[in-house]
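Chemist: Can you keep this structure in mind? I'll have questions shortly.
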Amino acid sequence: MGEFRCSSILKTMKSKCRVWWPAHLSPTTQPQSSTFLFGWFVTSSSSSSASVPLEVIVAFLIDEAAFSSIGSDLEGILHKINKRMPTSLQNRCGLSMLGYCSASSSSNGHLGQQFEQIISEDTVGHQICGCHKVDGSLEHYKDFTKSDSIQLVCGSYIRTSRKLGWIPKLHHIHWNEQVVSNLDLHIVIYGTPRFGRHHFSLGTQHSSDHAKKISRKPEWVEGLNQKKPVLDLDTVILATNCAAAATSFFEEQVSPHRPSHFYVHIFKFITLIWQLLAVFVASVSTSVYIVLQLLHFLISYGLESFIYVTLHNLFPHTSRNIRVRCCQILYWPIFLHTNDSRSGSCVEYAEKASQRRHSMWLSVVIDILLGNLFGLTLLTHANSACLTILTFTGDVTNNWWLISCARLMGNPAGFKLNTELAGVLGTLSLNAIQFWSTVLGSMRFLFIFFIKGLAISGVIFGITTPAALTLDMITISTTHISTLHWLISLIYSRQIQATTALWRLFRGQKWNPLRERLDSYDYTVEQHIVGSLLFTPLLLVLPTTSAFYMSFTIMYTTIGFILMIIEVAISVIHATPYTKIFLWLLRPSRFPCGIWFQIFSVDLKESVGSDVLVSSLHSYSYTLGELVKPHFSYLRSAVSRSSISSSVYGVFSGRSLSSRLYKLPVAPGAGVDGKMPWMWIPLKEYWMLCYDAVFACNPAKC
């Protein structure tokens, strides 16, 4: 058996203590060697209460020989490690030596006699401890930690089960020169978080949803939830996520790893290959950087020219998407390069930093791969695609738009329309559609070049660029429909407004625009006569105007819906977190969203006068839907109930539909947005930035 000694809080009453014990430190056989334990003590401001447990997070242990070789350097080593820990953990607690575990060859497997020798009473009846007599090497450590009220905790290893192995059990605690041996001990066994495997994170999503499904919470429960929690689990979880880094940093300080000559040559060879790759990537990126800066200079020089303004107005989606892609190409070394040296000290921070670093370039790669797939396929079938599109557009023009306008000039669906007004509106619509169809038909020979240019742009820039170009071309080719819809909606809205105003005249009311309400008003006889003369013809021609308006509104809304689908597809391609999806498919435990405890039934044969609860720490993981849902929240805000209701009201009131109905903002998953400034730095600095960004990913450095 053995003794477990570490620093902690103590009281004369029954106190609580929670020990967070790494699973890999639980031996399957009885420990035979003496070890020192290192980790963190976490206490809250209310730790003077016996109901508040002391949190003891064990990170690693070393044997007695290694501890003796360190000697007086222990304080400096711990100070260096604490400086590399996250700032939030430094402000709350620091890495320290928790205790000493000395192996004992007790034959009966009990610790009663041993602790009777350790704990005794002085001449005035106070309880004192002789733990310092077990090993004199603790005295030096206590010398430079004597300012802390936490001094020493003593305990033992206990045999629980084959699955759990040997775990620690505290016997008594020292605090402010007091000794308490009556403890409520909770031992939490956790798997040490490792980068690329798993880590812990607090979250109440699963538990809160489950509680809501079971029953409605009483008001007093809601009041408890609003209170500040006593337990500092945030710091505890942060410390567990830093346990692996603390172990690695300590090994670097104490016994630096020296690989064999064979591995040294392998690492040198990998480093050389990676240096050549970094030089190649940096050179190619710098060449692209020069081309982009030259094009940007030429465009900026002609920024106020008529050609630039016209092209920007005709192709707004394409210009915005190309700018986003150029910014992604310019900013990729900045996103890939990281200067946060403390992100590696916490697994959770390292995971998030890695996802941020690789999100942008992976999004660009996926976009370009899809663009190559689309572009090469379209180039192979360019002629057939051109013929199919021209045939489809011709059928839509002749069999839908022209026939619909011709039917409106008669009696559509049995409705009797005003013949003269229907003839004027129908003739105007037919002439506009026929004229625009003739203009587009005269340029059919250029359409094959547009199809090939669309395919080439997909191969070079990715699939979002041809999608944006298609969006702009559909908008240009349907300009006549948009113009006719705007004209007829203008007539219809003015007619509706006039009819409504005349109806108020007959009711003796008038709209007050300042107070936005209807006020009573006394109209004159002449006003009533003029209103009666205007109201009758407006009301009689209203069905004719409404028929044309609804027909062109259906056409315009159909085109807008198609444009909205393309815009949403572009935005989804930018916003999709490909890095998270790939990592989740490989290992869902890298995305925790809460913790839970598995309680073990432990039958203790030792009677040491304290209660023991043994549990194992586990974490929930996000589902794939929960993981990607926050990245598409902007879609829900873009298409809200208010926008839908305003669109419906605009349709029936005759107001033009907003052109922003299908223009979504650039998705945040694109890495950059259209508002990010154009980057300009000297060529040498940009080359070095690209080189450092690629070389920082050298696997031989890990």
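Labeling convention for the structure tokens: chains A, B, ... as they appear, residues from 1 per chain, ligands from 1 in order of appearance.
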Looking only at the backbone, which of the residues in region 413-643 of chain A does DSSP tag as alpha helix (DSSP H), as JSON, numbers by chain?
Modeler: {"A": [419, 420, 421, 422, 423, 424, 425, 426, 427, 428, 429, 430, 431, 432, 433, 434, 435, 436, 437, 438, 439, 440, 441, 447, 448, 449, 450, 451, 452, 453, 454, 455, 456, 457, 458, 459, 460, 461, 464, 465, 466, 467, 468, 469, 470, 471, 472, 473, 474, 475, 476, 477, 479, 480, 481, 482, 483, 484, 485, 486, 487, 488, 489, 490, 491, 492, 493, 494, 495, 496, 497, 498, 499, 500, 501, 502, 503, 504, 505, 506, 507, 525, 526, 527, 528, 529, 530, 531, 532, 533, 534, 535, 536, 537, 538, 539, 540, 541, 542, 543, 544, 545, 546, 547, 548, 549, 550, 551, 552, 553, 554, 555, 556, 557, 558, 559, 560, 561, 562, 563, 564, 565, 566, 567, 568, 569, 570, 571, 572, 573, 574, 575, 578, 579, 580, 581, 582, 583, 584, 585, 586, 624, 625, 626, 627, 628, 633, 634, 635, 636, 637, 638, 641, 642, 643]}
Chemist: What is the distance, in Å and to one decimal place, between CA of Arg504 (chain A) and CA of Glu526 (chain A)?
Modeler: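 For CA of Arg504 (chain A) relative to CA of Glu526 (chain A), the distance reads 15.4 Å.
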Chemist: DSSP on the backbone: which residues in region 474-625 of chain A end up as strand (DSSP E)? Give the answer as an MDAnalysis selection string.
Modeler: chainID A and resid 509:512 517:520 592:600 611:621
Chemist: Could you pull the residues within 12 Å of Leu586 (chain A), counting only C-alpha atoms, minus those fewer than 4 positions along the same chain, as a list in words?
Modeler: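 Counting only the stated atoms, we get Gly196, Arg197, His198, Thr579, Lys580, Ile581, Phe582, Arg590, Phe591 and Leu624 of chain A.
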Chemist: With only C-alpha atoms as the counted atoms, please give the residues lying no more than 10 Å from His337 (chain A), apart from itself and same-chain residues fewer than 4 positions off, as a list in words.
Modeler: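 Near neighbours after the sequence-gap exclusion: Trp332, Pro333, Arg357, His358, Leu689, Cys690, Tyr691, Asp692, Ala693, Val694, Phe695, Ala696 and Cys697 of chain A.
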Chemist: Taking into account only C-alpha atoms, which residue in the set A:Gln509, A:Thr235, A:Thr286, A:Thr388 is nearest to Gln90 (chain A)?
Modeler: A:Thr235
Chemist: Do a neighbour search on Asn321 (chain A) at 9 Å with only C-alpha atoms, toss out local chain neighbours closer than 2 positions, and write the hits as JSON, numbers by chain.
Modeler: {"A": [316, 317, 318, 319, 323, 324, 325, 326, 464, 465, 468, 666, 674]}
Chemist: Keeping only N, CA, C and O atoms, write the selected residues to a file as a PDB file, in the first residue's frame.
Modeler:
```
ATOM      1  N   PRO A 316     -22.960  42.489 -60.550  1.00  0.00           N
ATOM      2  CA  PRO A 316     -22.631  42.759 -59.135  1.00  0.00           C
ATOM      3  C   PRO A 316     -22.256  41.499 -58.363  1.00  0.00           C
ATOM      4  O   PRO A 316     -21.328  41.518 -57.543  1.00  0.00           O
ATOM      5  N   HIS A 317     -22.969  40.395 -58.594  1.00  0.00           N
ATOM      6  CA  HIS A 317     -22.669  39.155 -57.863  1.00  0.00           C
ATOM      7  C   HIS A 317     -21.312  38.588 -58.269  1.00  0.00           C
ATOM      8  O   HIS A 317     -20.551  38.108 -57.431  1.00  0.00           O
ATOM      9  N   THR A 318     -21.013  38.661 -59.562  1.00  0.00           N
ATOM     10  CA  THR A 318     -19.726  38.136 -60.030  1.00  0.00           C
ATOM     11  C   THR A 318     -18.567  38.954 -59.476  1.00  0.00           C
ATOM     12  O   THR A 318     -17.556  38.388 -59.026  1.00  0.00           O
ATOM     13  N   SER A 319     -18.686  40.275 -59.501  1.00  0.00           N
ATOM     14  CA  SER A 319     -17.603  41.122 -58.985  1.00  0.00           C
ATOM     15  C   SER A 319     -17.413  40.904 -57.491  1.00  0.00           C
ATOM     16  O   SER A 319     -16.270  40.854 -57.002  1.00  0.00           O
ATOM     17  N   ARG A 323     -14.022  39.258 -55.810  1.00  0.00           N
ATOM     18  CA  ARG A 323     -13.284  39.987 -54.770  1.00  0.00           C
ATOM     19  C   ARG A 323     -13.089  39.112 -53.538  1.00  0.00           C
ATOM     20  O   ARG A 323     -12.002  39.109 -52.930  1.00  0.00           O
ATOM     21  N   VAL A 324     -14.133  38.373 -53.158  1.00  0.00           N
ATOM     22  CA  VAL A 324     -13.998  37.469 -52.006  1.00  0.00           C
ATOM     23  C   VAL A 324     -12.932  36.415 -52.275  1.00  0.00           C
ATOM     24  O   VAL A 324     -12.099  36.113 -51.414  1.00  0.00           O
ATOM     25  N   ARG A 325     -12.921  35.850 -53.497  1.00  0.00           N
ATOM     26  CA  ARG A 325     -11.920  34.833 -53.823  1.00  0.00           C
ATOM     27  C   ARG A 325     -10.519  35.427 -53.845  1.00  0.00           C
ATOM     28  O   ARG A 325      -9.556  34.780 -53.377  1.00  0.00           O
ATOM     29  N   CYS A 326     -10.364  36.636 -54.354  1.00  0.00           N
ATOM     30  CA  CYS A 326      -9.041  37.274 -54.353  1.00  0.00           C
ATOM     31  C   CYS A 326      -8.566  37.550 -52.929  1.00  0.00           C
ATOM     32  O   CYS A 326      -7.387  37.352 -52.615  1.00  0.00           O
ATOM     33  N   THR A 464     -18.365  28.677 -57.274  1.00  0.00           N
ATOM     34  CA  THR A 464     -19.166  29.840 -56.895  1.00  0.00           C
ATOM     35  C   THR A 464     -19.070  30.970 -57.915  1.00  0.00           C
ATOM     36  O   THR A 464     -20.023  31.748 -58.063  1.00  0.00           O
ATOM     37  N   THR A 465     -17.962  31.074 -58.631  1.00  0.00           N
ATOM     38  CA  THR A 465     -17.826  32.129 -59.637  1.00  0.00           C
ATOM     39  C   THR A 465     -18.755  31.905 -60.827  1.00  0.00           C
ATOM     40  O   THR A 465     -19.473  32.830 -61.226  1.00  0.00           O
ATOM     41  N   ALA A 468     -22.263  32.679 -59.668  1.00  0.00           N
ATOM     42  CA  ALA A 468     -22.543  34.114 -59.587  1.00  0.00           C
ATOM     43  C   ALA A 468     -22.689  34.723 -60.976  1.00  0.00           C
ATOM     44  O   ALA A 468     -23.544  35.604 -61.195  1.00  0.00           O
ATOM     45  N   VAL A 666     -22.431  37.832 -47.729  1.00  0.00           N
ATOM     46  CA  VAL A 666     -21.397  36.809 -47.870  1.00  0.00           C
ATOM     47  C   VAL A 666     -21.330  36.000 -46.590  1.00  0.00           C
ATOM     48  O   VAL A 666     -21.308  36.545 -45.488  1.00  0.00           O
ATOM     49  N   GLY A 674     -16.797  40.772 -48.061  1.00  0.00           N
ATOM     50  CA  GLY A 674     -16.555  41.774 -49.085  1.00  0.00           C
ATOM     51  C   GLY A 674     -16.050  43.088 -48.535  1.00  0.00           C
ATOM     52  O   GLY A 674     -15.552  43.923 -49.286  1.00  0.00           O
TER      53      GLY A 674
END
```
Chemist: Please, what distance in Å, to one decimal, runs between CA of Ala467 (chain A) and CA of Leu379 (chain A)?
Modeler: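 Distance between the two atoms: 15.4 Å.
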Chemist: Which is closest to Arg407 (chain A) among A:Cys386, A:Ala243, A:Val364, A:Leu430, if we use only C-alpha atoms?
Modeler: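 Residue with the minimum atom-to-atom distance to Arg407 (chain A): A:Leu430.
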Chemist: With only C-alpha atoms as the basis for distance, which of A:Pro630, A:Gly414, A:Gly426, A:Pro27 is at the shortest distance from Leu402 (chain A)?
Modeler: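 Checking each of A:Pro630, A:Gly414, A:Gly426, A:Pro27 against Leu402 (chain A), counting only C-alpha atoms, the winner is A:Gly426.
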